[in-house]
Amino acid sequence: MPQLHITSLDLTRATPELNLACDEALLDWAEAHDSPGLLRFWESDRHFVVLGYANRVADEVNVEACRAQSVPILRRCSGGGTVLQGPGCVNYAIILPMSSVSHPSHSSPAPGPEQKHSEGGITAANQFIMGVHRAALTKLLGKEVTIEGHTDLAIAGRKFSGNAQRRKRTHLLFHGSFLLGFDLELISQFLRFPSRQPAYREGREHLDFLTTLDVRRDNLQLALQEAWGAREAASELNGLEAATEQLCSEKYAREAWNMKW
C-alpha cells in the first residue's frame, strides 16, 4: 500500500442535504489545496433516499410512501444506483489525486465482466480502491469478501456495500456505504425494484439480495483507516463548513436538483 498521507475525518453534518454537500465540498477543497488524500466517515440519524446522478425519480422511488412518511428524496453528485440511507448505514468518502490511482503500484484484482467496458482511468480507480476495501473487510470479518458488479462488496453473493465515483480535474471522489445495523425491511417500502441491476443480483428482491455486517462502526472505521494509512485530523479543514453550506443551499437542498429527472 503506497504512503498517501491521508487525513481522516469523522464528520456527520446536521441534515442529509448537508452530508451530501460535504462530500462534494471535500472534493473541491482537495483540488484547491492539492491534498494528498482525505477519508471521511458519517452516519445519518434519519432516513432519506438518495439517487445516483442520472437516476429517474419515478423509476427508482416510491414517491408517495416517501412523502407520506416525510422521507426526503435527494440526489448525489456521483453515479450508481438509488439507495435508502439512515441509522445503521455507515458512509465513507475518500478523495484522492487521480495520479495516485491511475497506475497503482500494488496489485489489483482483475476486472469482472461488467467492469471491462469502463473507461481506463475509471476502471483503474475502481480496481485500486475496491481492492483496498476488499482486503480490509476480508481481514476484519474473517471471511471472504468479493467485488461484484461495478463497485459492490458482497459476502456469499449478498451485497453489503455499494459505491460510486465522481472525477474532477485533478482529484476524484469515491464514496459509498456499509450496511451494519440497518433495517433492510424499510428498503422495499421506499424504493422500487431498480431499473438497472448487476448480473449477480439475478432478479432478487432487496431482502434476498442485501445483507448487514455484524461489526461495530468503530472497528469498521479503524480497519479502513489502517488500510489507507490515514491519520485523524487535528481540526476541521479551513473553509470547508462555509463551502458545504453554500453547496447545500445552491444545490442539494433544491428540488430543481433533487427531482430534475
# chains A, B, ... in the order shown; residues from 1 in each chain; ligands from 1
>>> select_by_dssp(residues="range 9-113 of chain A", states="strand (DSSP E)", output="PDB file with C-alpha atoms, in the first residue's frame")
ATOM      1  CA  LEU A   9     -12.391  12.901   9.406  1.00  0.00           C
ATOM      2  CA  ASP A  10     -15.334  11.551  11.435  1.00  0.00           C
ATOM      3  CA  LEU A  38      -8.988  12.720   2.631  1.00  0.00           C
ATOM      4  CA  LEU A  39     -11.100   9.991   4.255  1.00  0.00           C
ATOM      5  CA  ARG A  40     -14.455  10.935   5.786  1.00  0.00           C
ATOM      6  CA  PHE A  41     -16.954   8.871   7.797  1.00  0.00           C
ATOM      7  CA  TRP A  42     -20.547   9.822   8.579  1.00  0.00           C
ATOM      8  CA  PHE A  48     -33.658   9.527   3.366  1.00  0.00           C
ATOM      9  CA  VAL A  49     -33.490   8.346  -0.235  1.00  0.00           C
ATOM     10  CA  VAL A  50     -30.523   9.342  -2.371  1.00  0.00           C
ATOM     11  CA  LEU A  51     -30.493   8.898  -6.128  1.00  0.00           C
ATOM     12  CA  ILE A  73     -35.683  12.343  -1.754  1.00  0.00           C
ATOM     13  CA  LEU A  74     -32.229  13.693  -2.590  1.00  0.00           C
ATOM     14  CA  ARG A  75     -29.608  13.309  -5.324  1.00  0.00           C
ATOM     15  CA  VAL A  83     -30.308   3.754  -2.029  1.00  0.00           C
ATOM     16  CA  LEU A  84     -32.059   4.288   1.282  1.00  0.00           C
ATOM     17  CA  GLN A  85     -29.863   5.850   3.955  1.00  0.00           C
ATOM     18  CA  CYS A  89     -25.809   2.759   7.262  1.00  0.00           C
ATOM     19  CA  VAL A  90     -22.221   3.952   7.718  1.00  0.00           C
ATOM     20  CA  ASN A  91     -20.929   6.142   4.922  1.00  0.00           C
ATOM     21  CA  TYR A  92     -17.411   6.953   3.866  1.00  0.00           C
ATOM     22  CA  ALA A  93     -15.843   9.184   1.241  1.00  0.00           C
ATOM     23  CA  ILE A  94     -12.251   9.006   0.069  1.00  0.00           C
ATOM     24  CA  ILE A  95     -10.789  11.794  -2.038  1.00  0.00           C
ATOM     25  CA  LEU A  96      -7.532  11.070  -3.840  1.00  0.00           C
ATOM     26  CA  PRO A  97      -5.351  12.648  -6.514  1.00  0.00           C
TER      27      PRO A  97
END
>>> select_by_dssp(residues="range 47-222 of chain A", states="alpha helix (DSSP H)", output="PDB file with C-alpha atoms, in the first residue's frame")
ATOM      1  CA  VAL A  57     -37.147   9.559  -9.602  1.00  0.00           C
ATOM      2  CA  ALA A  58     -40.288   7.874 -10.936  1.00  0.00           C
ATOM      3  CA  ASP A  59     -38.340   4.759 -11.947  1.00  0.00           C
ATOM      4  CA  GLU A  60     -36.473   4.244  -8.682  1.00  0.00           C
ATOM      5  CA  VAL A  63     -42.575   8.851  -4.077  1.00  0.00           C
ATOM      6  CA  GLU A  64     -45.965   8.526  -2.372  1.00  0.00           C
ATOM      7  CA  ALA A  65     -44.537   6.469   0.507  1.00  0.00           C
ATOM      8  CA  CYS A  66     -41.649   8.898   0.969  1.00  0.00           C
ATOM      9  CA  ARG A  67     -43.962  11.887   1.119  1.00  0.00           C
ATOM     10  CA  ALA A  68     -46.397  10.126   3.466  1.00  0.00           C
ATOM     11  CA  SER A  99      -2.377  10.392 -10.306  1.00  0.00           C
ATOM     12  CA  SER A 100      -2.290   8.082  -7.282  1.00  0.00           C
ATOM     13  CA  VAL A 101      -4.892   5.675  -8.667  1.00  0.00           C
ATOM     14  CA  SER A 102      -4.301   5.775 -12.440  1.00  0.00           C
ATOM     15  CA  GLY A 120      -9.478   3.057 -18.418  1.00  0.00           C
ATOM     16  CA  GLY A 121      -8.986   5.695 -15.725  1.00  0.00           C
ATOM     17  CA  ILE A 122     -12.297   4.952 -14.049  1.00  0.00           C
ATOM     18  CA  THR A 123     -11.672   1.208 -14.107  1.00  0.00           C
ATOM     19  CA  ALA A 124      -8.171   1.597 -12.667  1.00  0.00           C
ATOM     20  CA  ALA A 125      -9.505   3.727  -9.816  1.00  0.00           C
ATOM     21  CA  ASN A 126     -12.323   1.272  -9.139  1.00  0.00           C
ATOM     22  CA  GLN A 127      -9.915  -1.653  -9.023  1.00  0.00           C
ATOM     23  CA  PHE A 128      -7.457   0.181  -6.784  1.00  0.00           C
ATOM     24  CA  ILE A 129      -9.943   1.434  -4.179  1.00  0.00           C
ATOM     25  CA  MET A 130     -12.186  -1.621  -4.173  1.00  0.00           C
ATOM     26  CA  GLY A 131      -9.137  -3.863  -3.852  1.00  0.00           C
ATOM     27  CA  VAL A 132      -8.035  -1.977  -0.731  1.00  0.00           C
ATOM     28  CA  HIS A 133     -11.522  -2.261   0.776  1.00  0.00           C
ATOM     29  CA  ARG A 134     -11.986  -5.917  -0.117  1.00  0.00           C
ATOM     30  CA  ALA A 135      -8.732  -6.846   1.595  1.00  0.00           C
ATOM     31  CA  ALA A 136      -9.510  -4.738   4.679  1.00  0.00           C
ATOM     32  CA  LEU A 137     -13.021  -6.185   5.089  1.00  0.00           C
ATOM     33  CA  THR A 138     -11.869  -9.771   4.498  1.00  0.00           C
ATOM     34  CA  LYS A 139      -9.338  -9.343   7.295  1.00  0.00           C
ATOM     35  CA  LEU A 140     -11.818  -7.621   9.630  1.00  0.00           C
ATOM     36  CA  LEU A 141     -14.648 -10.117   9.141  1.00  0.00           C
ATOM     37  CA  ILE A 187     -35.951  -0.508   1.672  1.00  0.00           C
ATOM     38  CA  SER A 188     -38.846  -2.081  -0.214  1.00  0.00           C
ATOM     39  CA  GLN A 189     -41.211   0.491   1.317  1.00  0.00           C
ATOM     40  CA  PHE A 190     -39.416   3.447  -0.216  1.00  0.00           C
ATOM     41  CA  HIS A 206     -33.992  -6.308  -1.774  1.00  0.00           C
ATOM     42  CA  LEU A 207     -34.239  -8.615   1.256  1.00  0.00           C
ATOM     43  CA  ASP A 208     -32.806 -11.576  -0.654  1.00  0.00           C
ATOM     44  CA  PHE A 209     -30.024  -9.538  -2.241  1.00  0.00           C
ATOM     45  CA  ARG A 217     -18.801   1.026  13.433  1.00  0.00           C
ATOM     46  CA  ASP A 218     -15.589   1.996  15.232  1.00  0.00           C
ATOM     47  CA  ASN A 219     -13.942  -1.273  14.212  1.00  0.00           C
ATOM     48  CA  LEU A 220     -15.002  -0.760  10.589  1.00  0.00           C
ATOM     49  CA  GLN A 221     -13.607   2.757  10.565  1.00  0.00           C
ATOM     50  CA  LEU A 222     -10.356   1.651  12.163  1.00  0.00           C
TER      51      LEU A 222
END
>>> residues_around(residues="range 152-165 of chain A", least_positions_apart="4", cutoff="6 Å", atoms="only C-alpha atoms", output="number ranges by chain")
A: 78-80, 145-148, 173-179, 209-212
>>> write_last_selection(atoms="C-alpha atoms", output="tab-separated table (two decimals), in the first residue's frame")
chain	number	residue	atom	x	y	z
A	78	SER	CA	-21.88	10.70	-8.41
A	79	GLY	CA	-23.34	7.86	-10.44
A	80	GLY	CA	-24.58	4.49	-9.28
A	145	VAL	CA	-15.37	-10.64	0.68
A	146	THR	CA	-15.79	-10.32	-3.08
A	147	ILE	CA	-16.03	-7.42	-5.50
A	148	GLU	CA	-19.20	-7.75	-7.56
A	173	LEU	CA	-14.28	11.34	-5.00
A	174	PHE	CA	-15.06	7.70	-4.30
A	175	HIS	CA	-17.83	7.23	-1.76
A	176	GLY	CA	-20.22	4.59	-0.56
A	177	SER	CA	-21.88	2.94	2.39
A	178	PHE	CA	-21.70	-0.14	4.61
A	179	LEU	CA	-24.82	-1.79	5.98
A	209	PHE	CA	-30.02	-9.54	-2.24
A	210	LEU	CA	-28.72	-7.43	0.66
A	211	THR	CA	-27.12	-8.32	3.98
A	212	THR	CA	-25.78	-6.49	7.03
>>> closest_residue(among="A:Ala30, A:Gln225, A:Ser195, A:Glu17", to="Glu255 in chain A", atoms="only C-alpha atoms")
A:Glu17
>>> closest_residue(among="A:Leu11, A:Leu213, A:Asn238, A:Arg56", to="His33 in chain A", atoms="only C-alpha atoms")
A:Asn238
>>> closest_residue(among="A:Glu205, A:Glu31, A:Glu24, A:Glu232", to="His5 in chain A", atoms="only C-alpha atoms")
A:Glu232
>>> atom_distance(atom1="CA of Trp29 in chain A", atom2="CA of Ser44 in chain A")
22.4 Å
>>> closest_residue(among="A:Val71, A:Met98, A:Leu240, A:Met259", to="Arg166 in chain A", atoms="only C-alpha atoms")
A:Met98
>>> closest_residue(among="A:Gln197, A:Ser8, A:Thr151, A:Thr82", to="Tyr53 in chain A", atoms="only C-alpha atoms")
A:Thr82
>>> atom_distance(atom1="CA of Arg169 in chain A", atom2="CA of Glu226 in chain A")
27.6 Å
>>> residues_around(residues="Ala14 in chain A", least_positions_apart="3", cutoff="12 Å", atoms="only C-alpha atoms", output="list in words")
Leu11, Glu17, Leu18, Asn19, Leu20, Ala21, Cys22, Trp42, Glu43, Ser44, Asp45, Arg46, Glu241, Thr244, Glu245 and Cys248 of chain A
>>> write_last_selection(atoms="C-alpha atoms", output="PDB file, in the first residue's frame")
ATOM      1  CA  LEU A  11     -17.742  14.243  10.310  1.00  0.00           C
ATOM      2  CA  GLU A  17     -28.582  17.547   2.471  1.00  0.00           C
ATOM      3  CA  LEU A  18     -25.535  18.915   4.280  1.00  0.00           C
ATOM      4  CA  ASN A  19     -23.966  15.461   4.422  1.00  0.00           C
ATOM      5  CA  LEU A  20     -24.254  15.021   0.656  1.00  0.00           C
ATOM      6  CA  ALA A  21     -22.942  18.543   0.085  1.00  0.00           C
ATOM      7  CA  CYS A  22     -19.974  17.856   2.363  1.00  0.00           C
ATOM      8  CA  TRP A  42     -20.547   9.822   8.579  1.00  0.00           C
ATOM      9  CA  GLU A  43     -23.930   8.336   9.512  1.00  0.00           C
ATOM     10  CA  SER A  44     -27.354   9.955   9.251  1.00  0.00           C
ATOM     11  CA  ASP A  45     -29.706   9.900  12.234  1.00  0.00           C
ATOM     12  CA  ARG A  46     -32.751   9.903   9.922  1.00  0.00           C
ATOM     13  CA  GLU A 241     -18.049  24.375   6.564  1.00  0.00           C
ATOM     14  CA  THR A 244     -20.599  22.857   2.415  1.00  0.00           C
ATOM     15  CA  GLU A 245     -23.390  25.227   3.399  1.00  0.00           C
ATOM     16  CA  CYS A 248     -26.255  22.748   0.122  1.00  0.00           C
TER      17      CYS A 248
END
